[in-house]
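Structure first, commentary second.
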Number of protein chains: 2
Amino acid sequence: MPVAIRHDDLRKRNRAMVIAAVRRAGQPSRTEIAGTTGLSHSTISAISADLIAEGILAEKAAEAASSKRGRPQVALGLAPEAAEVITVVLSLNFLSVAVVDYAGQVVASEERRLETLATGREALLGDCVAMVRRQVEARRAVGHRVLRIGMAVQGITDAGSRMMLWSPITPHAHLEFADRIEAATGIPATVENDCNMIAVALRWRKPERYRNDFIAILLSHGIGMGMVLKGELFTGTQSSGCEFGHMIHRPDGALCRCGRRGCVEAYAGNYAIWRNARGQSEDQAPLADISDEEIRAMADRARAADGPEREAFRIAGEAIGFGLGSLFALIDPAPVALVGIGATAFDLIEPALRSAIDKTAGGQHNKAISFDTLPNERPLIREGCTMTALTFLDREIFAPGPAPLSAAGAA
Amino acid sequence: MPVAIRHDDLRKRNRAMVIAAVRRAGQPSRTEIAGTTGLSHSTISAISADLIAEGILAEKAAEAASSKRGRPQVALGLAPEAAEVITVVLSLNFLSVAVVDYAGQVVASEERRLETLATGREALLGDCVAMVRRQVEARRAVGHRVLRIGMAVQGITDAGSRMMLWSPITPHAHLEFADRIEAATGIPATVENDCNMIAVALRWRKPERYRNDFIAILLSHGIGMGMVLKGELFTGTQSSGCEFGHMIHRPDGALCRCGRRGCVEAYAGNYAIWRNARGQSEDQAPLADISDEEIRAMADRARAADGPEREAFRIAGEAIGFGLGSLFALIDPAPVALVGIGATAFDLIEPALRSAIDKTAGGQHNKAISFDTLPNERPLIREGCTMTALTFLDREIFAPGPAPLSAAGAA
DNA sequence: GCTATTATTTCGAACCTCGAAAAAATAGTG
DNA sequence: CACTATTTTTTCGAGGTTCGAAATAATAGC
């Protein structure tokens, strides 16, 4: 099934290797690149000369005079002006856009509140597109070229990253963000799931911990998940997949925001914890939103005294634990990052969570499963979105070599 | 992260492409290979000439005189005498070994009953190794060379395919079959999970249905699963993974054979159906084995009248349905093959199964999810095991080119 | 026997990577 | 301050690979 390798693909792939090595290492020398890629010095020399001539890489002045003998290494870096990407993050009542240069520095940004639940379909699409378009035009005006737009949304996207299939932040479904943005700007765009972007960001932030196999769980109003398995971001076959929050914890159980019953989220989402802490019925329709302050207050009450709040967090931990246990039956245990406001209550959740895992196939490895907590998901989502867009440029635009400069979105 | 491509890897990979094309197509012409691989005619010509000279491929006499004008195509096929592989299948109380030539024809086989539950650790290992060794020596005696041994076991194996970590067919754990077989024969060996081999076999048997994404579920005494996602066999990160039967259906629920509670298997395995049909408690320790005849008899009684048997199958369907629903939340729905004796009772299981899926994230696609039933798992397991071993030879032994003929297990 | 047609091989051009050797650039040393 | 040791980077064939075009081979139809 794999496609044949043509002769010219070889150079393309090795160029991609070099670019990737530079993006990962920051400012490596040619010798260092030869070491990490396994290519010969002569090849690295030839490829980097090309990339520099094309304005993709640049030689950086070595700052610290190395105390070593011999010819000093000359550091290579990504040329910031090679291109720019735009990242768009849409979450509940909030829209933000950032322009990032090829080296990864944010060069402009804009954000605003937006009543996502109350906004109409066209208005929602239009508002997003308008903000993007404004930024694109601003960059064009100063002679920079934006080559890629990446969007992250809280919700399910399709496998082709063209549209948002469903989201809790709006009643409208099948919103074709990518096509709309492309039509308005002429620049290729994609829409990704926010939790998948969190996973991507963790890989860049802490490669020593989040390497080939790990799981990121977003504990927020809903429960989301991003997962990397065997070094690849794991997605569904038709959608962004990984809907951990909608695995079934108890058949025919508590009412979930999705309209079904017994989902993990219906026990562990913010609204579920709130509902249980108030002693409300599991059939009670979920609230639209609960502030972070309210979650923190509930957690404080749970810590202070053994009451309904403590029990609510225990139930949440149990649901997540059994869910993880079922997941681990399929993929084996892996490091877990708990992201979002719910991570601040990890101390309340952990005992029940671990005790649930003990009752599942992952139980024997319970001790070895480690949890990390990162309360703020926003910067992670943006970072993941940025790196996804940039590495796309690395692989698909710059690795193939000097294109015949057809009608692109160039200035 | 991906390793750099050396220049000589190119030929290697394209040789692998050609061999794979021949194995898939059966008896393709050079022109046909050029078409499916995308390589040029000259390259195919050069590579196939090498492969024929090395005795890996052979020209087959075209049987049917084509009615077309022009020079007739000359068919290429795998040379049966290029090598042989041995497949070993170990299941409850049963051991079977087969020798298969490079073109996939079984050339010898042997099988016997074996009290796996009652046999000691060393005896079990020894019996398997002995039967393999006998076959290897028989082949050597007639001047054939066995280059690979693939074993399939009912149980969990490690990700490196070296040993069986745990199995319901024996009380002993961590059985190092691969190392033992290698030590006894000098031939590289692997141990794989039986359900994974079923998935591999389905791909070769019905590629039009089982292509890039599908699931095979073994309904037997226990519940196993093999899964192909994005064209790759899906395994755990540390083990063979895919322990669908041990996802949690009902927290703290029915007693499972694995010692935990509430697993899908504890509701849908043969022993669970039997237990429920008898009106026994869910805490009742599971039986060691139940004959196929007994399952068939229960199914007949369930079809004849609405009683405890019918309810038992309903409960099984519900458990599988909710399990699949949770799985589909992660990976999206995919075609399902139900394999094993339980598949004969699919008519009894389906209503509850579908109604459960309706209550999960996969529910909206319920109509589109199609089930296939294949009651006999044995031939599938052997086929998958065979193809795994043969394609390993294709990729790792023959694609790299004429090796310096070091000390291999050659005759 | 000749022509049209299709399959396969041959041959030279263009590339790519690699190893060895050369060139470049620095620190140490007397 | 010249010279040497050391390390990095570039240069320069050699060998290998794919590809397109042309040549060759093999058949059916007339």
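Residues in the structure tokens are numbered from 1 in each chain, the chains being A, B, ... in the order shown, and ligands are numbered from 1 in the order shown.
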
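Proximity to stretch 13-22 of chain D at 10 Å, evaluated using only C-alpha atoms (C1' of nucleotides) and with sequence-adjacent residues fewer than 5 positions away removed, yields A:Ile5, A:Arg6, A:His7, A:Asp8, B:His7, B:Asp8, B:Leu10, B:Arg11, B:Leu39, B:Ser40, B:His41, B:Ser42, B:Thr43, C:DT10, C:DC11, C:DG12, C:DA13, C:DA14, C:DC15, C:DC16, C:DT17, C:DC18, C:DG19, C:DA20.
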
Writer output for current selection, N, CA and C atoms (P, O5', C5', C4', C3', O3' and C1' of nucleotides), as a compact mmCIF listing (two decimals), in the first residue's frame:
```txt
# COMPACT_ATOMS: atom_id res chain seq x y z
N ILE A 5 8.81 5.30 -3.70
CA ILE A 5 9.66 6.46 -3.51
C ILE A 5 10.34 6.79 -4.81
N ARG A 6 10.09 7.99 -5.28
CA ARG A 6 10.78 8.44 -6.49
C ARG A 6 12.15 8.93 -6.11
N HIS A 7 12.95 9.11 -7.12
CA HIS A 7 14.32 9.52 -6.85
C HIS A 7 14.38 10.91 -6.24
N ASP A 8 13.54 11.81 -6.73
CA ASP A 8 13.59 13.19 -6.24
C ASP A 8 12.98 13.32 -4.85
N HIS B 7 20.88 6.63 0.59
CA HIS B 7 20.69 6.46 -0.84
C HIS B 7 20.38 5.01 -1.18
N ASP B 8 21.04 4.08 -0.54
CA ASP B 8 20.83 2.67 -0.86
C ASP B 8 19.50 2.16 -0.32
N LEU B 10 16.85 3.42 -0.94
CA LEU B 10 15.89 3.65 -2.00
C LEU B 10 15.61 2.34 -2.74
N ARG B 11 16.65 1.69 -3.19
CA ARG B 11 16.48 0.43 -3.91
C ARG B 11 15.77 -0.58 -3.03
N LEU B 39 6.07 3.19 -10.12
CA LEU B 39 7.46 3.26 -10.58
C LEU B 39 7.49 3.12 -12.10
N SER B 40 8.58 3.55 -12.71
CA SER B 40 8.66 3.51 -14.16
C SER B 40 8.90 2.08 -14.64
N HIS B 41 8.60 1.85 -15.91
CA HIS B 41 8.80 0.52 -16.48
C HIS B 41 10.26 0.11 -16.40
N SER B 42 11.14 1.03 -16.62
CA SER B 42 12.56 0.65 -16.60
C SER B 42 12.97 0.17 -15.22
N THR B 43 12.49 0.86 -14.20
CA THR B 43 12.84 0.47 -12.84
C THR B 43 12.28 -0.92 -12.52
P DT C 10 18.29 -5.86 -21.48
O5' DT C 10 18.73 -4.53 -22.22
C5' DT C 10 18.44 -4.39 -23.62
C4' DT C 10 18.90 -3.03 -24.12
C3' DT C 10 20.17 -2.48 -23.46
O3' DT C 10 20.97 -1.87 -24.45
C1' DT C 10 18.41 -0.94 -23.20
P DC C 11 22.48 -1.52 -24.12
O5' DC C 11 22.42 0.07 -24.08
C5' DC C 11 21.65 0.78 -25.07
C4' DC C 11 21.65 2.26 -24.74
C3' DC C 11 22.86 2.72 -23.91
O3' DC C 11 23.32 3.96 -24.39
C1' DC C 11 20.87 3.30 -22.81
P DG C 12 24.77 4.48 -23.96
O5' DG C 12 24.47 6.00 -23.65
C5' DG C 12 23.67 6.77 -24.56
C4' DG C 12 22.97 7.87 -23.81
C3' DG C 12 23.90 8.74 -22.94
O3' DG C 12 23.50 10.08 -23.07
C1' DG C 12 22.22 7.81 -21.60
P DA C 13 24.34 11.23 -22.42
O5' DA C 13 23.27 11.96 -21.50
C5' DA C 13 21.94 12.12 -21.98
C4' DA C 13 21.07 12.69 -20.87
C3' DA C 13 21.80 13.71 -19.97
O3' DA C 13 20.90 14.76 -19.67
C1' DA C 13 21.04 11.89 -18.66
P DA C 14 21.42 16.03 -18.85
O5' DA C 14 20.79 15.79 -17.41
C5' DA C 14 19.42 15.43 -17.32
C4' DA C 14 19.09 15.13 -15.87
C3' DA C 14 19.80 16.07 -14.87
O3' DA C 14 18.86 16.48 -13.90
C1' DA C 14 20.24 13.81 -14.33
P DC C 15 19.19 17.74 -12.98
O5' DC C 15 19.13 17.11 -11.53
C5' DC C 15 19.66 15.81 -11.40
C4' DC C 15 19.06 15.12 -10.23
C3' DC C 15 19.62 15.67 -8.92
O3' DC C 15 18.68 15.55 -7.87
C1' DC C 15 20.46 13.46 -9.36
P DC C 16 18.99 16.26 -6.46
O5' DC C 16 19.53 15.04 -5.60
C5' DC C 16 18.69 13.89 -5.43
C4' DC C 16 19.45 12.86 -4.64
C3' DC C 16 20.26 13.49 -3.51
O3' DC C 16 19.84 12.99 -2.25
C1' DC C 16 21.61 12.04 -4.85
P DT C 17 20.55 13.60 -0.91
O5' DT C 17 21.59 12.47 -0.54
C5' DT C 17 21.16 11.11 -0.49
C4' DT C 17 22.36 10.23 -0.23
C3' DT C 17 23.25 10.72 0.92
O3' DT C 17 23.51 9.66 1.82
C1' DT C 17 24.54 10.45 -1.06
P DC C 18 24.35 9.89 3.12
O5' DC C 18 25.79 9.35 2.68
C5' DC C 18 25.87 8.15 1.91
C4' DC C 18 27.31 7.83 1.61
C3' DC C 18 28.28 8.26 2.71
O3' DC C 18 29.18 7.22 3.01
C1' DC C 18 28.90 9.24 0.63
P DG C 19 29.99 7.28 4.39
O5' DG C 19 31.49 7.30 3.88
C5' DG C 19 31.89 6.39 2.85
C4' DG C 19 33.25 6.80 2.31
C3' DG C 19 34.25 7.21 3.39
O3' DG C 19 35.53 6.68 3.05
C1' DG C 19 33.89 9.02 1.89
P DA C 20 36.77 6.95 3.98
O5' DA C 20 37.61 7.98 3.09
C5' DA C 20 37.72 7.75 1.69
C4' DA C 20 38.55 8.85 1.07
C3' DA C 20 39.70 9.35 1.95
O3' DA C 20 40.82 9.66 1.14
C1' DA C 20 38.20 11.13 1.53
```

Taking a cut-off of 9 Å and counting only C-alpha atoms (C1' of nucleotides), can you build a table that, for each residue of chain D near chain A, reports the nearest atom pair and how far apart they are in Å (one decimal), sorted by chain then residue number, as CSV?
```
residue,atom,partner,partner_atom,distance
D:DA5,C1',A:Gly70,CA,8.4
D:DT6,C1',A:Gly70,CA,4.7
D:DT7,C1',A:Gly70,CA,4.0
D:DT8,C1',A:Arg71,CA,5.3
D:DT9,C1',A:Ser45,CA,7.3
D:DT10,C1',A:Ser45,CA,7.3
D:DT11,C1',A:Ser42,CA,9.0
D:DT17,C1',A:His7,CA,6.9
D:DT18,C1',A:His7,CA,5.5
D:DC19,C1',A:His7,CA,8.8
```

Since we have the selection now, will you write its residues out, keeping N, CA and C atoms (P, O5', C5', C4', C3', O3' and C1' of nucleotides), as a CSV table (one decimal), in the first residue's frame?
```csv
chain,number,residue,atom,x,y,z
D,5,DA,P,51.4,18.8,15.5
D,5,DA,O5',50.1,18.8,16.3
D,5,DA,C5',50.1,19.3,17.6
D,5,DA,C4',48.6,19.6,18.1
D,5,DA,C3',47.7,18.5,17.6
D,5,DA,O3',46.8,18.2,18.7
D,5,DA,C1',46.9,20.6,16.9
D,6,DT,P,45.7,17.0,18.6
D,6,DT,O5',44.4,17.9,18.3
D,6,DT,C5',44.1,19.0,19.1
D,6,DT,C4',42.8,19.7,18.6
D,6,DT,C3',41.8,18.7,18.1
D,6,DT,O3',40.5,19.0,18.7
D,6,DT,C1',42.1,20.4,16.5
D,7,DT,P,39.4,17.9,18.8
D,7,DT,O5',38.2,18.6,18.0
D,7,DT,C5',37.8,19.9,18.4
D,7,DT,C4',37.2,20.6,17.2
D,7,DT,C3',36.1,19.8,16.5
D,7,DT,O3',34.9,20.5,16.6
D,7,DT,C1',37.6,20.9,14.9
D,8,DT,P,33.5,19.9,15.9
D,8,DT,O5',33.4,20.9,14.7
D,8,DT,C5',33.5,22.3,14.9
D,8,DT,C4',33.3,23.0,13.5
D,8,DT,C3',32.2,22.6,12.7
D,8,DT,O3',31.5,23.7,12.2
D,8,DT,C1',34.2,22.4,11.4
D,9,DT,P,30.1,23.6,11.4
D,9,DT,O5',30.5,23.6,9.9
D,9,DT,C5',31.2,24.8,9.4
D,9,DT,C4',31.7,24.6,8.1
D,9,DT,C3',30.7,24.1,7.0
D,9,DT,O3',30.5,25.1,6.0
D,9,DT,C1',32.8,22.9,6.8
D,10,DT,P,29.6,24.8,4.8
D,10,DT,O5',30.7,24.4,3.7
D,10,DT,C5',31.8,25.3,3.5
D,10,DT,C4',32.7,24.7,2.4
D,10,DT,C3',32.0,24.3,1.1
D,10,DT,O3',32.8,24.9,0.0
D,10,DT,C1',33.3,22.5,1.9
D,11,DT,P,32.2,24.7,-1.4
D,11,DT,O5',33.2,23.7,-2.1
D,11,DT,C5',34.6,23.8,-1.7
D,11,DT,C4',35.4,22.6,-2.4
D,11,DT,C3',34.9,22.2,-3.8
D,11,DT,O3',36.0,22.0,-4.6
D,11,DT,C1',34.9,20.3,-2.3
D,17,DT,P,21.6,0.7,-6.5
D,17,DT,O5',20.5,1.8,-6.9
D,17,DT,C5',20.2,2.8,-6.0
D,17,DT,C4',19.2,3.8,-6.6
D,17,DT,C3',18.3,3.1,-7.6
D,17,DT,O3',16.9,3.2,-7.2
D,17,DT,C1',19.3,5.0,-8.6
D,18,DT,P,15.8,2.5,-8.2
D,18,DT,O5',15.2,3.8,-8.9
D,18,DT,C5',14.8,5.0,-8.2
D,18,DT,C4',14.5,6.1,-9.2
D,18,DT,C3',13.4,5.6,-10.2
D,18,DT,O3',12.4,6.5,-10.2
D,18,DT,C1',15.4,6.5,-11.3
D,19,DC,P,11.1,6.2,-11.2
D,19,DC,O5',11.5,7.1,-12.5
D,19,DC,C5',12.0,8.4,-12.3
D,19,DC,C4',12.3,9.0,-13.7
D,19,DC,C3',11.3,8.6,-14.8
D,19,DC,O3',10.8,9.7,-15.5
D,19,DC,C1',13.5,8.1,-15.5
```

Could you list the residues in chain B lying within 9 Å of chain A, using only C-alpha atoms, and format the result as a VMD selection string? chain B and resid 1 to 7 10 13 to 14 17 20 to 21 37 to 39 213 229 to 231 234 to 252 258 260 to 263 322 to 323 325 to 334 356 359 to 361

Would you please extract all alpha helix (DSSP H) residues from stretch 121-289 of chain A, as assigned by DSSP on the backbone, and give them as a PyMOL selection string? chain A and resi 121-141+177-185+194-205+265-268+270-277

Store the residues picked out above in a file with C-alpha atoms, as a short mmCIF file (atom, residue, chain, number, x, y, z; two decimals), in the first residue's frame.
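So the final result, stored in result_19.cif, reads:
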```cif
data_model
loop_
_atom_site.label_atom_id
_atom_site.label_comp_id
_atom_site.auth_asym_id
_atom_site.auth_seq_id
_atom_site.Cartn_x
_atom_site.Cartn_y
_atom_site.Cartn_z
CA ARG A 121 -24.44 30.37 12.28
CA GLU A 122 -23.40 32.91 9.66
CA ALA A 123 -22.45 35.51 12.24
CA LEU A 124 -20.16 33.06 14.01
CA LEU A 125 -18.43 32.06 10.80
CA GLY A 126 -18.31 35.66 9.69
CA ASP A 127 -16.82 36.98 12.91
CA CYS A 128 -13.99 34.44 12.81
CA VAL A 129 -13.28 35.00 9.15
CA ALA A 130 -13.32 38.77 9.58
CA MET A 131 -10.74 38.78 12.34
CA VAL A 132 -8.46 36.50 10.34
CA ARG A 133 -8.88 38.54 7.22
CA ARG A 134 -8.01 41.72 9.06
CA GLN A 135 -4.76 40.23 10.28
CA VAL A 136 -3.87 38.81 6.90
CA GLU A 137 -4.36 42.17 5.27
CA ALA A 138 -2.31 43.90 7.93
CA ARG A 139 0.55 41.51 7.29
CA ARG A 140 0.30 41.92 3.55
CA ALA A 141 0.43 45.65 3.99
CA PHE A 177 -14.36 27.16 8.93
CA ALA A 178 -11.47 26.03 6.77
CA ASP A 179 -13.24 26.60 3.47
CA ARG A 180 -14.57 29.96 4.57
CA ILE A 181 -11.19 31.19 5.72
CA GLU A 182 -9.54 29.97 2.55
CA ALA A 183 -12.15 31.64 0.42
CA ALA A 184 -11.71 34.95 2.24
CA THR A 185 -7.92 34.98 2.31
CA ASP A 194 -8.35 21.80 20.82
CA CYS A 195 -7.33 18.76 22.85
CA ASN A 196 -5.32 17.38 19.98
CA MET A 197 -3.48 20.70 19.88
CA ILE A 198 -2.79 20.42 23.60
CA ALA A 199 -1.15 17.07 22.97
CA VAL A 200 0.97 18.53 20.20
CA ALA A 201 2.05 21.39 22.45
CA LEU A 202 3.05 19.06 25.28
CA ARG A 203 5.31 17.18 22.91
CA TRP A 204 7.17 20.36 22.05
CA ARG A 205 7.26 21.61 25.60
CA GLU A 265 -18.41 13.68 31.21
CA ALA A 266 -21.80 13.39 32.89
CA TYR A 267 -19.91 12.54 36.09
CA ALA A 268 -16.68 14.48 35.71
CA ASN A 270 -17.72 20.89 35.61
CA TYR A 271 -21.47 20.84 35.25
CA ALA A 272 -21.63 17.30 36.60
CA ILE A 273 -19.56 18.16 39.64
CA TRP A 274 -21.69 21.23 40.23
CA ARG A 275 -24.88 19.22 39.85
CA ASN A 276 -23.71 16.59 42.30
CA ALA A 277 -22.36 19.14 44.76
#
```
